[in-house]
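Student: Supplied in structure tokens, the structure appears directly below.
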Amino acid sequence: MTTYTICIFTENTIGLLNRITIIFTRRRINIESLTVSETERKGVSRFTIVIKHESREAVEKLVRQIRKIVEVLAVFGYLNEDVVYNEIALFKIETPLGAKPLDIETINNQYKAWVVYWGLDYVVIEKTGTEEEIFTFFEYIKPHSILEFVRSGRVAVGKTEKGLVEYLPEAEWEYYL
């Protein structure tokens, strides 16, 4: 199966997430990851959706269907090599007295992960990277007793020269300062 990243730029309206996800549900396509946030323009949201599918034609049809939603301003489907992307994960690791100490130097230098909180009996470590990099670190840290693990959805930008401005309809958009 091929991994696709679908980026959708929309007006920020109530109920839109439901209308977009229903399109995936009707086609029996599982959403692997979903991230929604505002863009650099006020009132414009960006959905970054990751799916795995065998058929490029089916994904292109899905993108065309999403474009029909009135509040959708632009939709793009990308392969992994067409985007720069990352995820973030937080690991809550037990650090009881007498246990094998964490090798912070290896965690920082080899895995590019950082302790973001020190508690009395645990630490919270942040790791950013691809899904594969995060799960490689997961395997490394697993013997230290993971109390909690959470991973975000993918955030991605296309490897194109154009930015969001080029694709949105002409309008008076407000920008964040």
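Every chain in the structure tokens has a letter given in the order shown (A, B, ...), and although residue numbers restart at 1 in each chain, ligands are simply numbered from 1 in the order shown.
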Would you mind listing, for every residue of range 51-145 of chain A within 9 Å of range 10-24 of chain A, the two atoms forming the shortest contact and the distance between them in Å to one decimal, using only C-alpha atoms, sorted by chain and ascending residue number, as CSV?
Tutor:
```
residue,atom,partner,partner_atom,distance
A:Leu62,CA,A:Ile23,CA,7.4
A:Gln65,CA,A:Ile23,CA,7.6
A:Ile66,CA,A:Ile20,CA,6.7
A:Ile69,CA,A:Ile20,CA,8.1
A:Val70,CA,A:Thr10,CA,8.9
A:Glu71,CA,A:Glu11,CA,5.3
A:Val72,CA,A:Thr10,CA,4.3
A:Leu73,CA,A:Thr10,CA,5.1
A:Ala74,CA,A:Thr10,CA,7.0
A:Val75,CA,A:Thr10,CA,8.8
```
Student: Mind checking which residues fall within 12 Å of Tyr140 in chain A, counting only C-alpha atoms, ignoring those fewer than 2 positions away in the same chain, and posting them as a VMD selection string?
Tutor: chain A and resid 91 93 102 to 103 106 to 107 110 to 111 113 133 to 138 142 to 146
Student: Could the residues in this selection be written to a file with C-alpha atoms, as a PDB file, in the first residue's frame?
Tutor:
```pdb
ATOM      1  CA  PHE A  91       7.035   9.439  26.315  1.00  0.00           C
ATOM      2  CA  ILE A  93       9.192   7.145  31.450  1.00  0.00           C
ATOM      3  CA  LEU A 102      18.516   6.893  31.513  1.00  0.00           C
ATOM      4  CA  ASP A 103      21.396   7.648  29.156  1.00  0.00           C
ATOM      5  CA  THR A 106      22.391   8.875  23.884  1.00  0.00           C
ATOM      6  CA  ILE A 107      18.782  10.070  23.970  1.00  0.00           C
ATOM      7  CA  GLN A 110      21.678   9.579  18.828  1.00  0.00           C
ATOM      8  CA  TYR A 111      17.880   9.828  18.905  1.00  0.00           C
ATOM      9  CA  ALA A 113      14.953  13.434  21.705  1.00  0.00           C
ATOM     10  CA  GLU A 133      12.151   7.347  13.816  1.00  0.00           C
ATOM     11  CA  ILE A 134       9.612   7.617  16.635  1.00  0.00           C
ATOM     12  CA  PHE A 135       9.096   3.844  16.795  1.00  0.00           C
ATOM     13  CA  THR A 136      12.845   3.203  16.644  1.00  0.00           C
ATOM     14  CA  PHE A 137      13.164   5.404  19.738  1.00  0.00           C
ATOM     15  CA  PHE A 138      10.162   3.584  21.262  1.00  0.00           C
ATOM     16  CA  LYS A 142      10.847   0.436  26.124  1.00  0.00           C
ATOM     17  CA  PRO A 143      13.077  -1.360  28.690  1.00  0.00           C
ATOM     18  CA  HIS A 144      12.877   1.742  30.914  1.00  0.00           C
ATOM     19  CA  SER A 145       9.155   1.211  31.545  1.00  0.00           C
ATOM     20  CA  ILE A 146       6.940   3.488  29.466  1.00  0.00           C
TER      21      ILE A 146
END
```
Student: Can you list, as a PDB file with N, CA and C atoms, in the first residue's frame, all residues belonging to range 32-160 of chain A that DSSP tags as alpha helix (DSSP H)?
Tutor:
```pdb
ATOM      1  N   ARG A  56      -4.014   4.745  -6.766  1.00  0.00           N
ATOM      2  CA  ARG A  56      -3.831   6.189  -6.935  1.00  0.00           C
ATOM      3  C   ARG A  56      -5.104   6.827  -7.504  1.00  0.00           C
ATOM      4  N   GLU A  57      -5.767   6.121  -8.412  1.00  0.00           N
ATOM      5  CA  GLU A  57      -6.998   6.639  -9.019  1.00  0.00           C
ATOM      6  C   GLU A  57      -8.074   6.865  -7.965  1.00  0.00           C
ATOM      7  N   ALA A  58      -8.185   5.955  -7.012  1.00  0.00           N
ATOM      8  CA  ALA A  58      -9.180   6.105  -5.943  1.00  0.00           C
ATOM      9  C   ALA A  58      -8.858   7.318  -5.062  1.00  0.00           C
ATOM     10  N   VAL A  59      -7.586   7.558  -4.816  1.00  0.00           N
ATOM     11  CA  VAL A  59      -7.182   8.718  -4.011  1.00  0.00           C
ATOM     12  C   VAL A  59      -7.462  10.005  -4.784  1.00  0.00           C
ATOM     13  N   GLU A  60      -7.188  10.008  -6.089  1.00  0.00           N
ATOM     14  CA  GLU A  60      -7.482  11.191  -6.903  1.00  0.00           C
ATOM     15  C   GLU A  60      -8.984  11.467  -6.933  1.00  0.00           C
ATOM     16  N   LYS A  61      -9.785  10.421  -6.997  1.00  0.00           N
ATOM     17  CA  LYS A  61     -11.242  10.582  -6.956  1.00  0.00           C
ATOM     18  C   LYS A  61     -11.684  11.152  -5.608  1.00  0.00           C
ATOM     19  N   LEU A  62     -11.072  10.683  -4.535  1.00  0.00           N
ATOM     20  CA  LEU A  62     -11.348  11.199  -3.187  1.00  0.00           C
ATOM     21  C   LEU A  62     -11.042  12.695  -3.105  1.00  0.00           C
ATOM     22  N   VAL A  63      -9.898  13.100  -3.625  1.00  0.00           N
ATOM     23  CA  VAL A  63      -9.505  14.520  -3.627  1.00  0.00           C
ATOM     24  C   VAL A  63     -10.521  15.347  -4.415  1.00  0.00           C
ATOM     25  N   ARG A  64     -10.946  14.851  -5.571  1.00  0.00           N
ATOM     26  CA  ARG A  64     -11.951  15.578  -6.369  1.00  0.00           C
ATOM     27  C   ARG A  64     -13.265  15.715  -5.610  1.00  0.00           C
ATOM     28  N   GLN A  65     -13.655  14.691  -4.870  1.00  0.00           N
ATOM     29  CA  GLN A  65     -14.892  14.743  -4.088  1.00  0.00           C
ATOM     30  C   GLN A  65     -14.777  15.779  -2.963  1.00  0.00           C
ATOM     31  N   ILE A  66     -13.634  15.833  -2.304  1.00  0.00           N
ATOM     32  CA  ILE A  66     -13.429  16.809  -1.221  1.00  0.00           C
ATOM     33  C   ILE A  66     -13.508  18.231  -1.776  1.00  0.00           C
ATOM     34  N   ARG A  67     -12.975  18.448  -2.988  1.00  0.00           N
ATOM     35  CA  ARG A  67     -13.003  19.785  -3.603  1.00  0.00           C
ATOM     36  C   ARG A  67     -14.415  20.313  -3.788  1.00  0.00           C
ATOM     37  N   ILE A 104      20.944  10.014  29.032  1.00  0.00           N
ATOM     38  CA  ILE A 104      20.454  11.248  28.405  1.00  0.00           C
ATOM     39  C   ILE A 104      21.310  11.647  27.215  1.00  0.00           C
ATOM     40  N   GLU A 105      22.605  11.396  27.276  1.00  0.00           N
ATOM     41  CA  GLU A 105      23.484  11.753  26.159  1.00  0.00           C
ATOM     42  C   GLU A 105      23.106  10.976  24.894  1.00  0.00           C
ATOM     43  N   THR A 106      22.825   9.681  25.029  1.00  0.00           N
ATOM     44  CA  THR A 106      22.391   8.875  23.884  1.00  0.00           C
ATOM     45  C   THR A 106      21.024   9.340  23.394  1.00  0.00           C
ATOM     46  N   ILE A 107      20.123   9.603  24.334  1.00  0.00           N
ATOM     47  CA  ILE A 107      18.782  10.070  23.970  1.00  0.00           C
ATOM     48  C   ILE A 107      18.879  11.365  23.167  1.00  0.00           C
ATOM     49  N   ASN A 108      19.729  12.304  23.598  1.00  0.00           N
ATOM     50  CA  ASN A 108      19.878  13.587  22.898  1.00  0.00           C
ATOM     51  C   ASN A 108      20.639  13.449  21.587  1.00  0.00           C
ATOM     52  N   ASN A 109      21.804  12.841  21.640  1.00  0.00           N
ATOM     53  CA  ASN A 109      22.697  12.841  20.480  1.00  0.00           C
ATOM     54  C   ASN A 109      22.320  11.822  19.410  1.00  0.00           C
ATOM     55  N   GLU A 131       7.405   8.619  11.505  1.00  0.00           N
ATOM     56  CA  GLU A 131       6.820   7.515  12.266  1.00  0.00           C
ATOM     57  C   GLU A 131       7.880   6.449  12.562  1.00  0.00           C
ATOM     58  N   GLU A 132       8.729   6.151  11.594  1.00  0.00           N
ATOM     59  CA  GLU A 132       9.765   5.144  11.768  1.00  0.00           C
ATOM     60  C   GLU A 132      10.771   5.575  12.834  1.00  0.00           C
ATOM     61  N   GLU A 133      11.200   6.851  12.816  1.00  0.00           N
ATOM     62  CA  GLU A 133      12.151   7.347  13.816  1.00  0.00           C
ATOM     63  C   GLU A 133      11.549   7.298  15.220  1.00  0.00           C
ATOM     64  N   ILE A 134      10.278   7.640  15.331  1.00  0.00           N
ATOM     65  CA  ILE A 134       9.612   7.617  16.635  1.00  0.00           C
ATOM     66  C   ILE A 134       9.535   6.183  17.168  1.00  0.00           C
ATOM     67  N   PHE A 135       9.204   5.223  16.313  1.00  0.00           N
ATOM     68  CA  PHE A 135       9.096   3.844  16.795  1.00  0.00           C
ATOM     69  C   PHE A 135      10.460   3.183  17.005  1.00  0.00           C
ATOM     70  N   THR A 136      11.488   3.657  16.339  1.00  0.00           N
ATOM     71  CA  THR A 136      12.845   3.203  16.644  1.00  0.00           C
ATOM     72  C   THR A 136      13.226   3.649  18.050  1.00  0.00           C
ATOM     73  N   PHE A 137      12.906   4.909  18.385  1.00  0.00           N
ATOM     74  CA  PHE A 137      13.164   5.404  19.738  1.00  0.00           C
ATOM     75  C   PHE A 137      12.298   4.656  20.748  1.00  0.00           C
ATOM     76  N   PHE A 138      11.060   4.348  20.393  1.00  0.00           N
ATOM     77  CA  PHE A 138      10.162   3.584  21.262  1.00  0.00           C
ATOM     78  C   PHE A 138      10.816   2.264  21.670  1.00  0.00           C
ATOM     79  N   GLU A 139      11.387   1.551  20.695  1.00  0.00           N
ATOM     80  CA  GLU A 139      12.043   0.271  20.986  1.00  0.00           C
ATOM     81  C   GLU A 139      13.243   0.470  21.910  1.00  0.00           C
ATOM     82  N   TYR A 140      13.981   1.556  21.716  1.00  0.00           N
ATOM     83  CA  TYR A 140      15.140   1.835  22.573  1.00  0.00           C
ATOM     84  C   TYR A 140      14.706   2.112  24.016  1.00  0.00           C
ATOM     85  N   ILE A 141      13.662   2.886  24.204  1.00  0.00           N
ATOM     86  CA  ILE A 141      13.272   3.355  25.534  1.00  0.00           C
ATOM     87  C   ILE A 141      12.366   2.354  26.258  1.00  0.00           C
TER      88      ILE A 141
END
```
Student: Would you list the contacts of Ile125 in chain A as a PDB file with all heavy atoms, in the first residue's frame, taking every protein, DNA or RNA residue within 6 Å and counting only C-alpha atoms, but skipping same-chain residues closer than 4 positions in sequence?
Tutor:
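What follows is the written file out-v7.pdb:
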```
ATOM      1  N   LEU A  90       5.362  12.114  22.768  1.00  0.00           N
ATOM      2  CA  LEU A  90       5.763  12.303  24.153  1.00  0.00           C
ATOM      3  C   LEU A  90       5.786  10.937  24.833  1.00  0.00           C
ATOM      4  O   LEU A  90       4.854  10.146  24.684  1.00  0.00           O
ATOM      5  CB  LEU A  90       4.796  13.233  24.885  1.00  0.00           C
ATOM      6  CG  LEU A  90       4.743  14.677  24.399  1.00  0.00           C
ATOM      7  CD1 LEU A  90       3.657  15.444  25.137  1.00  0.00           C
ATOM      8  CD2 LEU A  90       6.088  15.363  24.554  1.00  0.00           C
ATOM      9  N   PHE A  91       6.853  10.677  25.565  1.00  0.00           N
ATOM     10  CA  PHE A  91       7.035   9.439  26.315  1.00  0.00           C
ATOM     11  C   PHE A  91       7.145   9.794  27.791  1.00  0.00           C
ATOM     12  O   PHE A  91       8.007  10.585  28.168  1.00  0.00           O
ATOM     13  CB  PHE A  91       8.340   8.747  25.912  1.00  0.00           C
ATOM     14  CG  PHE A  91       8.404   8.303  24.488  1.00  0.00           C
ATOM     15  CD1 PHE A  91       8.725   9.196  23.476  1.00  0.00           C
ATOM     16  CD2 PHE A  91       8.172   6.985  24.155  1.00  0.00           C
ATOM     17  CE1 PHE A  91       8.818   8.779  22.163  1.00  0.00           C
ATOM     18  CE2 PHE A  91       8.259   6.554  22.836  1.00  0.00           C
ATOM     19  CZ  PHE A  91       8.574   7.463  21.840  1.00  0.00           C
ATOM     20  N   TRP A 114      14.430  14.867  23.596  1.00  0.00           N
ATOM     21  CA  TRP A 114      14.762  15.801  24.680  1.00  0.00           C
ATOM     22  C   TRP A 114      13.854  15.593  25.881  1.00  0.00           C
ATOM     23  O   TRP A 114      12.651  15.379  25.719  1.00  0.00           O
ATOM     24  CB  TRP A 114      14.618  17.244  24.184  1.00  0.00           C
ATOM     25  CG  TRP A 114      15.211  17.422  22.834  1.00  0.00           C
ATOM     26  CD1 TRP A 114      14.550  17.545  21.647  1.00  0.00           C
ATOM     27  CD2 TRP A 114      16.605  17.425  22.502  1.00  0.00           C
ATOM     28  NE1 TRP A 114      15.440  17.630  20.602  1.00  0.00           N
ATOM     29  CE2 TRP A 114      16.707  17.568  21.105  1.00  0.00           C
ATOM     30  CE3 TRP A 114      17.778  17.313  23.248  1.00  0.00           C
ATOM     31  CZ2 TRP A 114      17.928  17.603  20.443  1.00  0.00           C
ATOM     32  CZ3 TRP A 114      18.989  17.354  22.580  1.00  0.00           C
ATOM     33  CH2 TRP A 114      19.055  17.504  21.196  1.00  0.00           C
ATOM     34  N   VAL A 115      14.450  15.675  27.067  1.00  0.00           N
ATOM     35  CA  VAL A 115      13.653  15.634  28.292  1.00  0.00           C
ATOM     36  C   VAL A 115      12.999  17.003  28.436  1.00  0.00           C
ATOM     37  O   VAL A 115      13.677  18.024  28.471  1.00  0.00           O
ATOM     38  CB  VAL A 115      14.519  15.308  29.530  1.00  0.00           C
ATOM     39  CG1 VAL A 115      13.690  15.414  30.799  1.00  0.00           C
ATOM     40  CG2 VAL A 115      15.122  13.913  29.399  1.00  0.00           C
ATOM     41  N   VAL A 116      11.675  17.023  28.490  1.00  0.00           N
ATOM     42  CA  VAL A 116      10.943  18.287  28.595  1.00  0.00           C
ATOM     43  C   VAL A 116      10.341  18.494  29.982  1.00  0.00           C
ATOM     44  O   VAL A 116       9.859  19.585  30.295  1.00  0.00           O
ATOM     45  CB  VAL A 116       9.846  18.415  27.508  1.00  0.00           C
ATOM     46  CG1 VAL A 116      10.482  18.521  26.126  1.00  0.00           C
ATOM     47  CG2 VAL A 116       8.861  17.260  27.567  1.00  0.00           C
TER      48      VAL A 116
END
```
Student: For range 95-101 of chain A, please output as a PyMOL selection string all residues within 8 Å (counting only C-alpha atoms; exclusion window: fewer than 5 positions along the same chain).
Tutor: chain A and resi 120-123+144
Student: Those residues you just picked out, can you put them in a file as a PDB file, in the first residue's frame with all heavy atoms?
Tutor:
```pdb
ATOM      1  N   LEU A 120       9.571  13.597  40.094  1.00  0.00           N
ATOM      2  CA  LEU A 120      10.300  12.830  41.099  1.00  0.00           C
ATOM      3  C   LEU A 120      10.485  11.377  40.680  1.00  0.00           C
ATOM      4  O   LEU A 120      11.554  10.793  40.881  1.00  0.00           O
ATOM      5  CB  LEU A 120       9.572  12.892  42.443  1.00  0.00           C
ATOM      6  CG  LEU A 120       9.588  14.248  43.138  1.00  0.00           C
ATOM      7  CD1 LEU A 120       8.729  14.202  44.401  1.00  0.00           C
ATOM      8  CD2 LEU A 120      11.008  14.672  43.468  1.00  0.00           C
ATOM      9  N   ASP A 121       9.452  10.780  40.091  1.00  0.00           N
ATOM     10  CA  ASP A 121       9.490   9.363  39.746  1.00  0.00           C
ATOM     11  C   ASP A 121       9.405   9.095  38.247  1.00  0.00           C
ATOM     12  O   ASP A 121       9.275   7.952  37.828  1.00  0.00           O
ATOM     13  CB  ASP A 121       8.327   8.626  40.428  1.00  0.00           C
ATOM     14  CG  ASP A 121       8.407   8.702  41.945  1.00  0.00           C
ATOM     15  OD1 ASP A 121       9.541   8.772  42.459  1.00  0.00           O
ATOM     16  OD2 ASP A 121       7.353   8.683  42.591  1.00  0.00           O
ATOM     17  N   TYR A 122       9.430  10.136  37.446  1.00  0.00           N
ATOM     18  CA  TYR A 122       9.311   9.945  35.996  1.00  0.00           C
ATOM     19  C   TYR A 122       9.874  11.170  35.263  1.00  0.00           C
ATOM     20  O   TYR A 122      10.079  12.224  35.846  1.00  0.00           O
ATOM     21  CB  TYR A 122       7.859   9.722  35.584  1.00  0.00           C
ATOM     22  CG  TYR A 122       6.971  10.928  35.798  1.00  0.00           C
ATOM     23  CD1 TYR A 122       6.763  11.850  34.772  1.00  0.00           C
ATOM     24  CD2 TYR A 122       6.362  11.164  37.033  1.00  0.00           C
ATOM     25  CE1 TYR A 122       5.970  12.964  34.972  1.00  0.00           C
ATOM     26  CE2 TYR A 122       5.572  12.276  37.234  1.00  0.00           C
ATOM     27  CZ  TYR A 122       5.378  13.170  36.197  1.00  0.00           C
ATOM     28  OH  TYR A 122       4.596  14.284  36.396  1.00  0.00           O
ATOM     29  N   VAL A 123      10.122  10.970  33.961  1.00  0.00           N
ATOM     30  CA  VAL A 123      10.499  12.073  33.073  1.00  0.00           C
ATOM     31  C   VAL A 123       9.576  12.013  31.858  1.00  0.00           C
ATOM     32  O   VAL A 123       9.024  10.956  31.539  1.00  0.00           O
ATOM     33  CB  VAL A 123      11.973  12.008  32.602  1.00  0.00           C
ATOM     34  CG1 VAL A 123      12.929  12.176  33.763  1.00  0.00           C
ATOM     35  CG2 VAL A 123      12.260  10.741  31.827  1.00  0.00           C
ATOM     36  N   HIS A 144      12.913   0.815  29.774  1.00  0.00           N
ATOM     37  CA  HIS A 144      12.877   1.742  30.914  1.00  0.00           C
ATOM     38  C   HIS A 144      11.477   1.950  31.467  1.00  0.00           C
ATOM     39  O   HIS A 144      11.267   2.832  32.280  1.00  0.00           O
ATOM     40  CB  HIS A 144      13.495   3.096  30.528  1.00  0.00           C
ATOM     41  CG  HIS A 144      14.964   3.015  30.299  1.00  0.00           C
ATOM     42  ND1 HIS A 144      15.875   3.003  31.330  1.00  0.00           N
ATOM     43  CD2 HIS A 144      15.690   2.911  29.161  1.00  0.00           C
ATOM     44  CE1 HIS A 144      17.099   2.917  30.839  1.00  0.00           C
ATOM     45  NE2 HIS A 144      17.008   2.856  29.526  1.00  0.00           N
TER      46      HIS A 144
END
```
Student: Per DSSP on the backbone, filter range 6-170 of chain A down to the residues in strand (DSSP E or B) and report them as a PyMOL selection string.
Tutor: chain A and resi 6-11+31-38+41+44-53+72-79+83-94+113-118+122-129+146-151+155-158
Student: Enter the distance from CA of Phe9 in chain A to CA of Leu34 in chain A, in Å, rounded to one decimal.
Tutor: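 Result for CA of Phe9 in chain A versus CA of Leu34 in chain A: 13.4 Å, one decimal.
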Student: Check the smallest atom-to-atom distance from each of A:Val83, A:Glu94, A:Thr128, A:Tyr4 to Asn30 in chain A using only C-alpha atoms, then report the winner.
Tutor: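 That would be A:Tyr4, the residue with the smallest distance to Asn30 in chain A.
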Student: Kindly provide the residues of range 99-168 of chain A that approach range 44-48 of chain A to within 9 Å, each paired with its closest atom pair and their distance in Å to one decimal, based on only C-alpha atoms, listed by chain and increasing number, as JSON lines.
Tutor:
```
{"residue": "A:Gly153", "atom": "CA", "partner": "A:Thr48", "partner_atom": "CA", "distance": 8.1}
{"residue": "A:Arg154", "atom": "CA", "partner": "A:Thr48", "partner_atom": "CA", "distance": 6.8}
{"residue": "A:Val155", "atom": "CA", "partner": "A:Thr48", "partner_atom": "CA", "distance": 6.4}
{"residue": "A:Ala156", "atom": "CA", "partner": "A:Thr48", "partner_atom": "CA", "distance": 7.1}
```
Student: Could you save the residues just selected, with all heavy atoms, as a PDB file, in the first residue's frame?
Tutor:
```
ATOM      1  N   GLY A 153      -0.510  13.623  14.994  1.00  0.00           N
ATOM      2  CA  GLY A 153      -0.646  13.354  13.578  1.00  0.00           C
ATOM      3  C   GLY A 153       0.485  14.039  12.827  1.00  0.00           C
ATOM      4  O   GLY A 153       1.257  14.820  13.383  1.00  0.00           O
ATOM      5  N   ARG A 154       0.562  13.750  11.570  1.00  0.00           N
ATOM      6  CA  ARG A 154       1.591  14.328  10.712  1.00  0.00           C
ATOM      7  C   ARG A 154       1.324  15.802  10.455  1.00  0.00           C
ATOM      8  O   ARG A 154       0.183  16.208  10.283  1.00  0.00           O
ATOM      9  CB  ARG A 154       1.594  13.569   9.383  1.00  0.00           C
ATOM     10  CG  ARG A 154       2.587  14.083   8.360  1.00  0.00           C
ATOM     11  CD  ARG A 154       2.530  13.275   7.095  1.00  0.00           C
ATOM     12  NE  ARG A 154       3.176  11.988   7.295  1.00  0.00           N
ATOM     13  CZ  ARG A 154       3.454  11.135   6.314  1.00  0.00           C
ATOM     14  NH1 ARG A 154       3.145  11.433   5.069  1.00  0.00           N
ATOM     15  NH2 ARG A 154       4.034   9.983   6.571  1.00  0.00           N
ATOM     16  N   VAL A 155       2.375  16.590  10.441  1.00  0.00           N
ATOM     17  CA  VAL A 155       2.323  17.948   9.902  1.00  0.00           C
ATOM     18  C   VAL A 155       3.226  17.948   8.677  1.00  0.00           C
ATOM     19  O   VAL A 155       4.279  17.315   8.681  1.00  0.00           O
ATOM     20  CB  VAL A 155       2.746  19.038  10.930  1.00  0.00           C
ATOM     21  CG1 VAL A 155       1.720  19.160  12.033  1.00  0.00           C
ATOM     22  CG2 VAL A 155       4.111  18.764  11.511  1.00  0.00           C
ATOM     23  N   ALA A 156       2.785  18.612   7.616  1.00  0.00           N
ATOM     24  CA  ALA A 156       3.515  18.519   6.357  1.00  0.00           C
ATOM     25  C   ALA A 156       3.348  19.782   5.531  1.00  0.00           C
ATOM     26  O   ALA A 156       2.325  20.454   5.609  1.00  0.00           O
ATOM     27  CB  ALA A 156       3.002  17.321   5.555  1.00  0.00           C
TER      28      ALA A 156
END
```
Student: Distance CA of Gly119 in chain A-CA of Asn86 in chain A, one decimal place?
Tutor: 27.1 Å
Student: My list of candidates is A:Cys7, A:Leu79, A:Val124, A:Val36. Which is closest to Phe149 in chain A when distances are computed with only C-alpha atoms?
Tutor: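 Using only C-alpha atoms, Phe149 in chain A sits closest to A:Val124.
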